[in-house]
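**Student:** Pasting a structure below so you can have a look.
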Protein chains: 2
Amino acid sequence: MRILLLVLVLGLAAGSGASDQPTMSMQFNLMPMPSNVQPGTGALPISASFPVAIDGYREPRLQRAVERFSRDLSRRTGLFIGVKIVDASKATLVIHAERASKPVQDFGEDEGYVLDVGASGAKLTAQNPLGVIHGLQTFLQLVAITPSGFAAPAVHIEDAPRFPWRGLTIDVSRHFIYPDTLRRNIDAMAVVKMNVLHLHLSDDQGFRVESKEFPKLQEMGSDGKFYTQTEMRDLIAYASDRGIRVLPEFDMPGHSTSWFVGYPELASAAGPYQIERRWGIFDPAMDPSRESTYKFLDKFISEMAELFPDHYFHIGGDEVNGKQWDANPKIQEFMHAHKLKSDQELQQYFTLQVQKIVSKHHKEMVGWDEILEPGMPKDIVIQSWRGQESLAEAARQGYRGILSSGYYLDGMAPASQHYVVDPMANADATLTPEQQKLILGGEACMWAEFISDENIDSRIWPRAAAVAERLWSAQSVRDADSMYRRLDAVSVQLEELGLTHRSSTEVMLARMAGAGDIAALRLLADAVQPASITIREREAESAGGIQTSDIPLDRMVDAVAPESEVARRFSDDVNQLAASNSQDAAAKSRIRARLVLWRDNDGQLEALLQNSFLLKELSPVSQKLAALAAVGLQALDFIDNGRTAPESWHNEQSAMIQQAEKPTADLILAVAPAVQKLVDASASGTPRQ
Amino acid sequence: MRILLLVLVLGLAAGSGASDQPTMSMQFNLMPMPSNVQPGTGALPISASFPVAIDGYREPRLQRAVERFSRDLSRRTGLFIGVKIVDASKATLVIHAERASKPVQDFGEDEGYVLDVGASGAKLTAQNPLGVIHGLQTFLQLVAITPSGFAAPAVHIEDAPRFPWRGLTIDVSRHFIYPDTLRRNIDAMAVVKMNVLHLHLSDDQGFRVESKEFPKLQEMGSDGKFYTQTEMRDLIAYASDRGIRVLPEFDMPGHSTSWFVGYPELASAAGPYQIERRWGIFDPAMDPSRESTYKFLDKFISEMAELFPDHYFHIGGDEVNGKQWDANPKIQEFMHAHKLKSDQELQQYFTLQVQKIVSKHHKEMVGWDEILEPGMPKDIVIQSWRGQESLAEAARQGYRGILSSGYYLDGMAPASQHYVVDPMANADATLTPEQQKLILGGEACMWAEFISDENIDSRIWPRAAAVAERLWSAQSVRDADSMYRRLDAVSVQLEELGLTHRSSTEVMLARMAGAGDIAALRLLADAVQPASITIREREAESAGGIQTSDIPLDRMVDAVAPESEVARRFSDDVNQLAASNSQDAAAKSRIRARLVLWRDNDGQLEALLQNSFLLKELSPVSQKLAALAAVGLQALDFIDNGRTAPESWHNEQSAMIQQAEKPTADLILAVAPAVQKLVDASASGTPRQ
């Protein structure tokens, strides 16, 4: 495999007349990185006339894919590209699929493709439409601006995914996510070649899909926020057009309070039940001892198995605390009669019954680690929140698995942290080749305790693209700098498509401020990051507050991106300055300009902060930023004057910075570490004690 | 009528416990301004529990309106507001409609409503669902942030529109606009209570709707960019849910080249025809002399009359140059035989035939000024691009009319300019009350020569909201400062809903730059505005270029907002400084900070500009901005030092500023006039010669 992070200088003869040939100095901003990229000579200029041929196998989905491609190419370039499907001899891009993919998309189908781009045209070939759909995305990512126009560099790409299951779990129960928002996220998944949208459709806090068999599920369990069956069918069709399966999850026997609001007879303790508003693990659980529970589930799963065409059906199965079981004499009796010695064995009994129902309705069952118990048939799939070793152990027993541990996006960890998590870890050393094949891939997880329909894009993107690359690209693709450079490009591409991971911050800041000029607020927002979810929960607890699903997510911590781009660029400048032995004048000037803005911002912001109940908490954050900036400027003065900062000054400032790094208003001053580096540099590189 | 632009200070006793009552100092940011607003005492706090009752008349559309309202209220506040429809006794908001509106929405239906907000609840009453839909929008605009939470101030509002026809024409022919983009714009229209979306569906440059009778219309006349009938039905239903009619326009007998690509036999000269790519007025026109033309139109209009339920059908009728008619002997013969003495009379003949067809299919005909000729029945409606006098003259003859002259958004004029254009002008002095009633309202027009799917939101919004207010609110509502203040609030509200009039600029800048930090580019973008369309066309002509529909709209002029908010704020600061006799220190400090940023920006931008063919043209613009800023800083120094700038300096700088005000790269430095004011102030108020 040849990884191309190098800059390719593609010199092209300048043409004459109106359409000059682009002379290109171009980087490949492909993400996920393909298996094999061989750069060619020249580039294909993109113009408004971009006819496409569908050669070989044809189906309406391919036609629609070309229509979408035309619009997406317009978005990438601003060109008015008409949908023009022509014969291969007249096409700029020829698409060739050998045959149909399966009627219902399955994992393990051939998703590979070969893309050839030359100076006068391109050819995309694949075994089936899935590969075509991925290859079109690669083409779109190749397109770049040059000094003379938009163009795709000449290249030969052979590509196929490392793992067949590359998913994104979205929890739509804790907070409801509207169908249009899900569609945006499906668009984004398609860009980075993910192929499973796993919807966590029910939990204690909400039941989110219409059941016609049991309408009280959504009527009483959703606050009126659920997907109608029509909406869900549309969504599944939308995903399918983009090569993405929709995997439904109905969590049972625990995490199921919302079912019991309408159907308390399912529970292991008498009702009535209310939709749970708090976060955590709760007692309510289905009653595994009653035949009526399984009759209900049989009818329900039958209905949902028809609504969701995917071959897989996720039954959750995680985190049952067993308290309702322990307290119910009839259940205890049942356990005794069936020789079930523990709650774990009781859950195992339940899961086996449910597995039979799922199987009866022609689906294979998926569940969290907990469902893996002796006696389970081998056709189940384990989704692991426990880690790679849990997955490897399942594989040793002959079970298929996908990794989610390490891919929890709600933790607010940087992309680089998720990026290094590999589903195989060291499993490849301890598993036989056959066992290795049982590790199907993974899913990034967007748990929704602190997620709303408004900020979900910014919580998922662009970070999930790093996970998508881990699951598609070779294990050896792991350079974080390259990943971040390409992540920036993907981020721009996603905003072109209508994702709101950047623009939602603007909207939320404007709302916080009420009205008027928010430039000063934006400057502060760009310099901070949300504290980790652990810190946020701990802070809330220590303040005596109970976190509930009703608490609005409209504070600064909810609005700003999980990773500050400004902080990253500032840090890059500081590193560049350090690497130049403090000589790089351009870096120094950028650093100074930034620090001056930060230092002077607090004065402009203060009045605004007092007008809004949402901004008041930001006063100390703004002051800390100003203080950090002042220290940074002092450090820069030492450097500029060629003086070494005294040790006492260094120690004093380092202590201040350390203090400033502590979360305030659940926010981290993301720029603090770089300021520390500056201070260290001014003291001749003394690191903080 | 009481217009409330004053600041209302609503003192509320602070409550105890967790949910403090908001103490409010609140402005009414309502747009369009209602007929009658009587502020009350206190405010209604908005919380996650916001049950709504539908009292009186019920229909599914009202239920859907409440569901949308719940989501919109969530967007306004960040609160998680469930859809909760309850009995009136338990509701925070009670909605009451007396009866149904007409099955197909018509103009002139009662759109009024009464909204009462008190400290513990609100009531919205209307004759029919149209009034409810408008009243819900008013409620959403009332919601504001306060130091203690979100709230709606207590108020009694009685409201009804001044004109029954408040439209927006979108030209989807010159450049195609996708259905999802139209849906966003419908959302925005609903916010400002517009009620007609007029789609200019065919013109020389494209035929945009599927005809099953004549499929070559879209197959050969659209570059593959058209609305399927299913998409159009969905769009009409979407609009209808929001109280908005969809009026189709098929321009004939001129502006019709795109019809002739597939059906050359309709034209007055032999084909073949190609889709027209240039802008302007072209020769091709339908042949009014052949019976087959009317047979075609009868079939076509029959099909479209069914697809579009609206009672009105727009046949265009503008700008026929008659050249094809003059050159066709058979047509000349026909004219002679029918005693038609001029092309005008021939068009009149054509229009009368078409009117009969339209009428046969149970529609009333709408057309541009040109269709008004002797013999026309009185049930037609004139859309005037010629002006108020043309409209008044039609009214005198007993014809109904709507104004579009003065509301052409493509001209890039400021909102304030459209705002002063009144459909009545002085007509109310010269028309009888009955004649006045014939002036139905107006339509803002978004012609699409320089509009793409990507930037259309920013070309329409927020400026169209000023036109919407002109058409809804009393004639006496005309304070531009108040309008702009409320326009800013509407602009934020529209971004909450997903409009992209702000975020599209970001996306386009990122694309122009290719990659990396675009802060410097954004700073330049914020300081400029597009030159008027007249200047843009003149510049293109003098450069020898032919403007066509293929030329991408991806330059800075296409990306920046028609009105620079930054320039407006800067100008406000300069005015404030002048008003304070140069004493206002805060204004001075803001002005200086801004000028320093502009002065220093050029250096940071220069490298970026050379990497992209789209940015190269901005070098002189950036340099002019830097020069203006330098002059502004000198002026500020004179002011700060208490010195009067010498006359020679004043003259020299004024000449430079005058030079800088000339368009470059089709951009205007929107900040130049304010810099001139600073220079004048530094020379003791000497205005520029």
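Chain labels A, B, ... are given in the sequence in which chains occur in the structure tokens; within each chain residues are numbered consecutively from 1, and ligands are likewise numbered from 1 in the order shown.
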Determine, counting only C-alpha atoms, which protein, DNA and RNA residues have an atom within 10 Å of an atom of stretch 96-110 of chain B; residues of the same chain fewer than 5 positions away are not included. Present the result as an MDAnalysis selection string.
**Tutor:** chainID B and resid 53:59 62 88 123:132 160:161 163:166 195:196 240 243:246 309:312 440
**Student:** Output as JSON lines one row per residue of chain B within 7 Å of chain A: the closest atom pair and its distance in Å to one decimal place, counting only C-alpha atoms, sorted by chain and residue number ascending.
**Tutor:**
```
{"residue": "B:Ala48", "atom": "CA", "partner": "A:Asp550", "partner_atom": "CA", "distance": 6.4}
{"residue": "B:Gly78", "atom": "CA", "partner": "A:Asp554", "partner_atom": "CA", "distance": 5.2}
{"residue": "B:Leu79", "atom": "CA", "partner": "A:Pro552", "partner_atom": "CA", "distance": 4.7}
{"residue": "B:Phe80", "atom": "CA", "partner": "A:Asp550", "partner_atom": "CA", "distance": 5.8}
{"residue": "B:Gly82", "atom": "CA", "partner": "A:Asp223", "partner_atom": "CA", "distance": 5.0}
{"residue": "B:Val83", "atom": "CA", "partner": "A:Gly224", "partner_atom": "CA", "distance": 4.9}
{"residue": "B:Lys84", "atom": "CA", "partner": "A:Gly224", "partner_atom": "CA", "distance": 6.6}
{"residue": "B:Ala144", "atom": "CA", "partner": "A:Gly514", "partner_atom": "CA", "distance": 6.9}
{"residue": "B:Ile145", "atom": "CA", "partner": "A:Gly514", "partner_atom": "CA", "distance": 5.7}
{"residue": "B:Thr146", "atom": "CA", "partner": "A:Ser612", "partner_atom": "CA", "distance": 5.4}
{"residue": "B:Pro147", "atom": "CA", "partner": "A:Phe613", "partner_atom": "CA", "distance": 4.3}
{"residue": "B:Ser148", "atom": "CA", "partner": "A:Phe613", "partner_atom": "CA", "distance": 5.1}
{"residue": "B:Gly149", "atom": "CA", "partner": "A:Phe613", "partner_atom": "CA", "distance": 6.0}
{"residue": "B:Asp223", "atom": "CA", "partner": "A:Gly82", "partner_atom": "CA", "distance": 5.0}
{"residue": "B:Gly224", "atom": "CA", "partner": "A:Val83", "partner_atom": "CA", "distance": 4.9}
{"residue": "B:Lys225", "atom": "CA", "partner": "A:Gly82", "partner_atom": "CA", "distance": 6.7}
{"residue": "B:Ala489", "atom": "CA", "partner": "A:Ala515", "partner_atom": "CA", "distance": 6.5}
{"residue": "B:Val492", "atom": "CA", "partner": "A:Ala510", "partner_atom": "CA", "distance": 6.8}
{"residue": "B:Glu495", "atom": "CA", "partner": "A:Val507", "partner_atom": "CA", "distance": 6.4}
{"residue": "B:Glu496", "atom": "CA", "partner": "A:Val507", "partner_atom": "CA", "distance": 5.9}
{"residue": "B:Ser503", "atom": "CA", "partner": "A:Ser503", "partner_atom": "CA", "distance": 6.0}
{"residue": "B:Val507", "atom": "CA", "partner": "A:Glu496", "partner_atom": "CA", "distance": 5.9}
{"residue": "B:Ala510", "atom": "CA", "partner": "A:Val492", "partner_atom": "CA", "distance": 6.8}
{"residue": "B:Gly514", "atom": "CA", "partner": "A:Ile145", "partner_atom": "CA", "distance": 5.7}
{"residue": "B:Ala515", "atom": "CA", "partner": "A:Ala489", "partner_atom": "CA", "distance": 6.5}
{"residue": "B:Asp550", "atom": "CA", "partner": "A:Phe80", "partner_atom": "CA", "distance": 5.8}
{"residue": "B:Pro552", "atom": "CA", "partner": "A:Leu79", "partner_atom": "CA", "distance": 4.7}
{"residue": "B:Leu553", "atom": "CA", "partner": "A:Gly78", "partner_atom": "CA", "distance": 6.2}
{"residue": "B:Asp554", "atom": "CA", "partner": "A:Gly78", "partner_atom": "CA", "distance": 5.2}
{"residue": "B:Asn611", "atom": "CA", "partner": "A:Pro147", "partner_atom": "CA", "distance": 5.4}
{"residue": "B:Ser612", "atom": "CA", "partner": "A:Pro147", "partner_atom": "CA", "distance": 4.4}
{"residue": "B:Phe613", "atom": "CA", "partner": "A:Pro147", "partner_atom": "CA", "distance": 4.3}
```
**Student:** So the first atom is atom CA of A:Ala444 and the second is atom CA of A:Arg64; what is the distance between them in Å, to one decimal place?
**Tutor:**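 Computed distance, atom CA of A:Ala444 to atom CA of A:Arg64, equals 27.8 Å.
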**Student:** As number ranges by chain, list the residues of stretch 18-73 of chain B assigned to strand (DSSP E) by DSSP on the backbone atoms of this structure.
**Tutor:** B: 24-26, 36-45, 52-56
**Student:** Would you save the residues from that selection as a short mmCIF file (atom, residue, chain, number, x, y, z; two decimals), in the first residue's frame, using all heavy atoms?
**Tutor:**
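Saved as part.cif:
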```
data_model
loop_
_atom_site.label_atom_id
_atom_site.label_comp_id
_atom_site.auth_asym_id
_atom_site.auth_seq_id
_atom_site.Cartn_x
_atom_site.Cartn_y
_atom_site.Cartn_z
N MET B 24 -37.87 41.47 33.54
CA MET B 24 -37.60 41.68 32.13
C MET B 24 -37.41 43.14 31.75
O MET B 24 -38.14 44.00 32.18
CB MET B 24 -38.75 41.13 31.30
CG MET B 24 -39.11 39.72 31.67
SD MET B 24 -40.36 39.10 30.56
CE MET B 24 -39.40 38.97 29.08
N SER B 25 -36.45 43.32 30.91
CA SER B 25 -36.32 44.60 30.23
C SER B 25 -36.26 44.22 28.77
O SER B 25 -35.25 43.75 28.27
CB SER B 25 -35.04 45.30 30.68
OG SER B 25 -34.73 46.28 29.74
N MET B 26 -37.36 44.37 28.09
CA MET B 26 -37.55 43.63 26.86
C MET B 26 -38.01 44.53 25.73
O MET B 26 -38.81 45.43 25.92
CB MET B 26 -38.64 42.62 27.17
CG MET B 26 -38.50 41.34 26.42
SD MET B 26 -39.83 40.27 26.94
CE MET B 26 -38.91 38.81 27.32
N ASN B 36 -51.84 46.19 16.18
CA ASN B 36 -52.14 46.76 17.49
C ASN B 36 -51.46 45.93 18.56
O ASN B 36 -51.73 44.74 18.70
CB ASN B 36 -53.67 46.74 17.70
CG ASN B 36 -54.09 47.54 18.90
OD1 ASN B 36 -53.42 47.53 19.93
ND2 ASN B 36 -55.21 48.24 18.78
N VAL B 37 -50.59 46.58 19.31
CA VAL B 37 -49.83 45.89 20.36
C VAL B 37 -50.02 46.65 21.67
O VAL B 37 -49.63 47.82 21.77
CB VAL B 37 -48.32 45.84 20.02
CG1 VAL B 37 -47.55 45.15 21.14
CG2 VAL B 37 -48.09 45.13 18.70
N GLN B 38 -50.64 46.02 22.64
CA GLN B 38 -50.82 46.68 23.94
C GLN B 38 -50.07 45.89 25.00
O GLN B 38 -50.47 44.80 25.38
CB GLN B 38 -52.31 46.73 24.31
CG GLN B 38 -53.10 47.59 23.33
CD GLN B 38 -54.59 47.56 23.64
OE1 GLN B 38 -55.02 47.02 24.66
NE2 GLN B 38 -55.38 48.13 22.74
N PRO B 39 -48.97 46.46 25.47
CA PRO B 39 -48.17 45.72 26.45
C PRO B 39 -48.90 45.56 27.77
O PRO B 39 -49.64 46.45 28.19
CB PRO B 39 -46.92 46.60 26.62
CG PRO B 39 -47.29 47.93 26.10
CD PRO B 39 -48.40 47.76 25.13
N GLY B 40 -48.72 44.41 28.40
CA GLY B 40 -49.33 44.17 29.70
C GLY B 40 -48.28 44.21 30.80
O GLY B 40 -47.18 44.73 30.61
N THR B 41 -48.58 43.62 31.92
CA THR B 41 -47.66 43.60 33.04
C THR B 41 -47.18 42.18 33.25
O THR B 41 -47.97 41.26 33.26
CB THR B 41 -48.37 44.08 34.32
OG1 THR B 41 -48.94 45.36 34.03
CG2 THR B 41 -47.39 44.19 35.48
N GLY B 42 -45.88 42.04 33.42
CA GLY B 42 -45.33 40.71 33.68
C GLY B 42 -44.93 40.00 32.41
O GLY B 42 -44.87 40.61 31.34
N ALA B 43 -44.67 38.73 32.55
CA ALA B 43 -44.22 37.95 31.40
C ALA B 43 -44.50 36.49 31.66
O ALA B 43 -44.60 36.05 32.80
CB ALA B 43 -42.73 38.17 31.16
N LEU B 44 -44.63 35.76 30.57
CA LEU B 44 -44.86 34.31 30.66
C LEU B 44 -43.51 33.60 30.53
O LEU B 44 -42.90 33.63 29.46
CB LEU B 44 -45.79 33.89 29.53
CG LEU B 44 -46.06 32.39 29.37
CD1 LEU B 44 -46.81 31.84 30.58
CD2 LEU B 44 -46.83 32.12 28.08
N PRO B 45 -43.04 32.99 31.61
CA PRO B 45 -41.76 32.26 31.49
C PRO B 45 -41.97 31.03 30.60
O PRO B 45 -43.01 30.39 30.67
CB PRO B 45 -41.45 31.82 32.92
CG PRO B 45 -42.50 32.44 33.80
CD PRO B 45 -43.65 32.81 32.93
N VAL B 52 -50.20 22.62 24.97
CA VAL B 52 -51.01 23.45 24.08
C VAL B 52 -52.37 22.79 23.93
O VAL B 52 -52.47 21.56 23.84
CB VAL B 52 -50.33 23.57 22.70
CG1 VAL B 52 -51.17 24.39 21.74
CG2 VAL B 52 -48.93 24.17 22.84
N ALA B 53 -53.41 23.60 23.91
CA ALA B 53 -54.76 23.08 23.64
C ALA B 53 -55.24 23.59 22.29
O ALA B 53 -55.00 24.73 21.93
CB ALA B 53 -55.73 23.53 24.73
N ILE B 54 -55.89 22.70 21.54
CA ILE B 54 -56.57 23.13 20.32
C ILE B 54 -58.06 23.11 20.62
O ILE B 54 -58.68 22.06 20.71
CB ILE B 54 -56.23 22.21 19.12
CG1 ILE B 54 -54.72 22.16 18.91
CG2 ILE B 54 -56.94 22.71 17.86
CD1 ILE B 54 -54.29 21.21 17.79
N ASP B 55 -58.57 24.29 20.82
CA ASP B 55 -59.95 24.49 21.19
C ASP B 55 -60.73 24.79 19.91
O ASP B 55 -60.14 25.17 18.92
CB ASP B 55 -59.96 25.74 22.10
CG ASP B 55 -61.04 25.65 23.14
OD1 ASP B 55 -61.61 24.57 23.32
OD2 ASP B 55 -61.29 26.68 23.78
N GLY B 56 -62.01 24.65 19.93
CA GLY B 56 -62.81 25.05 18.75
C GLY B 56 -62.54 24.13 17.58
O GLY B 56 -62.38 22.92 17.73
#
```
**Student:** Could you check the closest approach to B:Pro253 for each of B:Asp602, B:Glu370, B:Glu306, B:Asp116 and tell me which residue wins, using only C-alpha atoms?
**Tutor:** B:Glu370
**Student:** Write down as JSON, numbers by chain the residues belonging to stretch 371-612 of chain A that are assigned helix (DSSP H, G or I) by DSSP computed on the backbone.
**Tutor:** {"A": [371, 388, 389, 390, 391, 392, 393, 394, 395, 396, 409, 410, 411, 415, 416, 417, 418, 419, 427, 428, 429, 430, 433, 434, 435, 436, 456, 457, 458, 459, 460, 463, 464, 465, 466, 467, 468, 469, 470, 471, 472, 480, 481, 482, 483, 484, 485, 486, 487, 488, 489, 490, 491, 492, 493, 494, 495, 496, 503, 504, 505, 506, 507, 508, 509, 510, 511, 512, 513, 519, 520, 521, 522, 523, 524, 525, 526, 533, 534, 535, 536, 537, 538, 539, 540, 541, 542, 556, 557, 558, 559, 565, 566, 567, 568, 569, 570, 571, 572, 573, 574, 575, 576, 577, 578, 579, 585, 586, 587, 588, 589, 590, 591, 592, 593, 594, 595, 596, 597, 598, 599, 600, 601, 602, 603, 604, 605, 606, 607, 608, 609, 610]}
**Student:** To one decimal place, how far is atom CA of A:Ser648 from atom CA of A:Glu661 in Å?
**Tutor:**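 Taking atom CA of A:Ser648 and atom CA of A:Glu661, their separation equals 20.0 Å.
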**Student:** Ranking B:Arg233, B:His200, B:Lys341, B:Lys216 by minimum distance to B:Gly316 and counting only C-alpha atoms, which one comes first?
**Tutor:** B:His200
**Student:** Find the residues near B:Pro264: any atom within 12 Å, counting only C-alpha atoms, skip ones fewer than 5 places away on the same chain, and give them as an MDAnalysis selection string.
**Tutor:** chainID B and resid 216:217 220:221 256:259 269:275 284:287 293
**Student:** Atoms to include: C-alpha atoms. Write the selected residues as a PDB file, in the first residue's frame.
**Tutor:**
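Output file part.pdb is given in full below:
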```
ATOM      1  CA  LYS B 216     -39.607  16.496 -23.683  1.00  0.00           C
ATOM      2  CA  LEU B 217     -40.244  19.820 -21.944  1.00  0.00           C
ATOM      3  CA  MET B 220     -34.681  18.386 -23.144  1.00  0.00           C
ATOM      4  CA  GLY B 221     -35.245  21.767 -21.555  1.00  0.00           C
ATOM      5  CA  SER B 256     -39.907  30.327 -23.849  1.00  0.00           C
ATOM      6  CA  THR B 257     -36.831  28.973 -25.646  1.00  0.00           C
ATOM      7  CA  SER B 258     -36.581  26.006 -23.268  1.00  0.00           C
ATOM      8  CA  TRP B 259     -40.005  24.736 -24.428  1.00  0.00           C
ATOM      9  CA  ALA B 269     -39.328  30.069 -36.480  1.00  0.00           C
ATOM     10  CA  ALA B 270     -37.896  26.739 -37.503  1.00  0.00           C
ATOM     11  CA  GLY B 271     -35.574  25.105 -35.040  1.00  0.00           C
ATOM     12  CA  PRO B 272     -33.651  23.355 -33.802  1.00  0.00           C
ATOM     13  CA  TYR B 273     -33.402  25.148 -30.455  1.00  0.00           C
ATOM     14  CA  GLN B 274     -30.952  24.850 -27.611  1.00  0.00           C
ATOM     15  CA  ILE B 275     -31.406  25.856 -23.994  1.00  0.00           C
ATOM     16  CA  PRO B 284     -37.974  32.906 -29.814  1.00  0.00           C
ATOM     17  CA  ALA B 285     -41.709  33.160 -29.165  1.00  0.00           C
ATOM     18  CA  MET B 286     -44.650  30.838 -29.507  1.00  0.00           C
ATOM     19  CA  ASP B 287     -46.530  30.927 -32.784  1.00  0.00           C
ATOM     20  CA  THR B 293     -50.191  26.001 -30.348  1.00  0.00           C
TER      21      THR B 293
END
```
**Student:** Could you pull the residues within 8 Å of B:Arg459, counting only C-alpha atoms, minus those fewer than 2 positions along the same chain, as a list in words?
**Tutor:**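 That gives Leu409, Asp410, Met412, Met446, Ile451, Asn455, Ile456, Asp457, Trp461, Arg463, His501, Ala561 and Pro562 of chain B.
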**Student:** Please measure the separation of atom CA of B:Ile170 and atom CA of B:Tyr407, giving the value in Å to one decimal.
**Tutor:**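 Atom CA of B:Tyr407 lies 12.2 Å from atom CA of B:Ile170.
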**Student:** Show me, as number ranges by chain, the residues that have an atom within 12 Å of stretch 535-546 of chain A when counting only C-alpha atoms, minus same-chain residues fewer than 4 positions from it.
**Tutor:** A: 277-280, 410-412, 449-450, 530-531, 550-551, 557-558, 662-668; B: 18
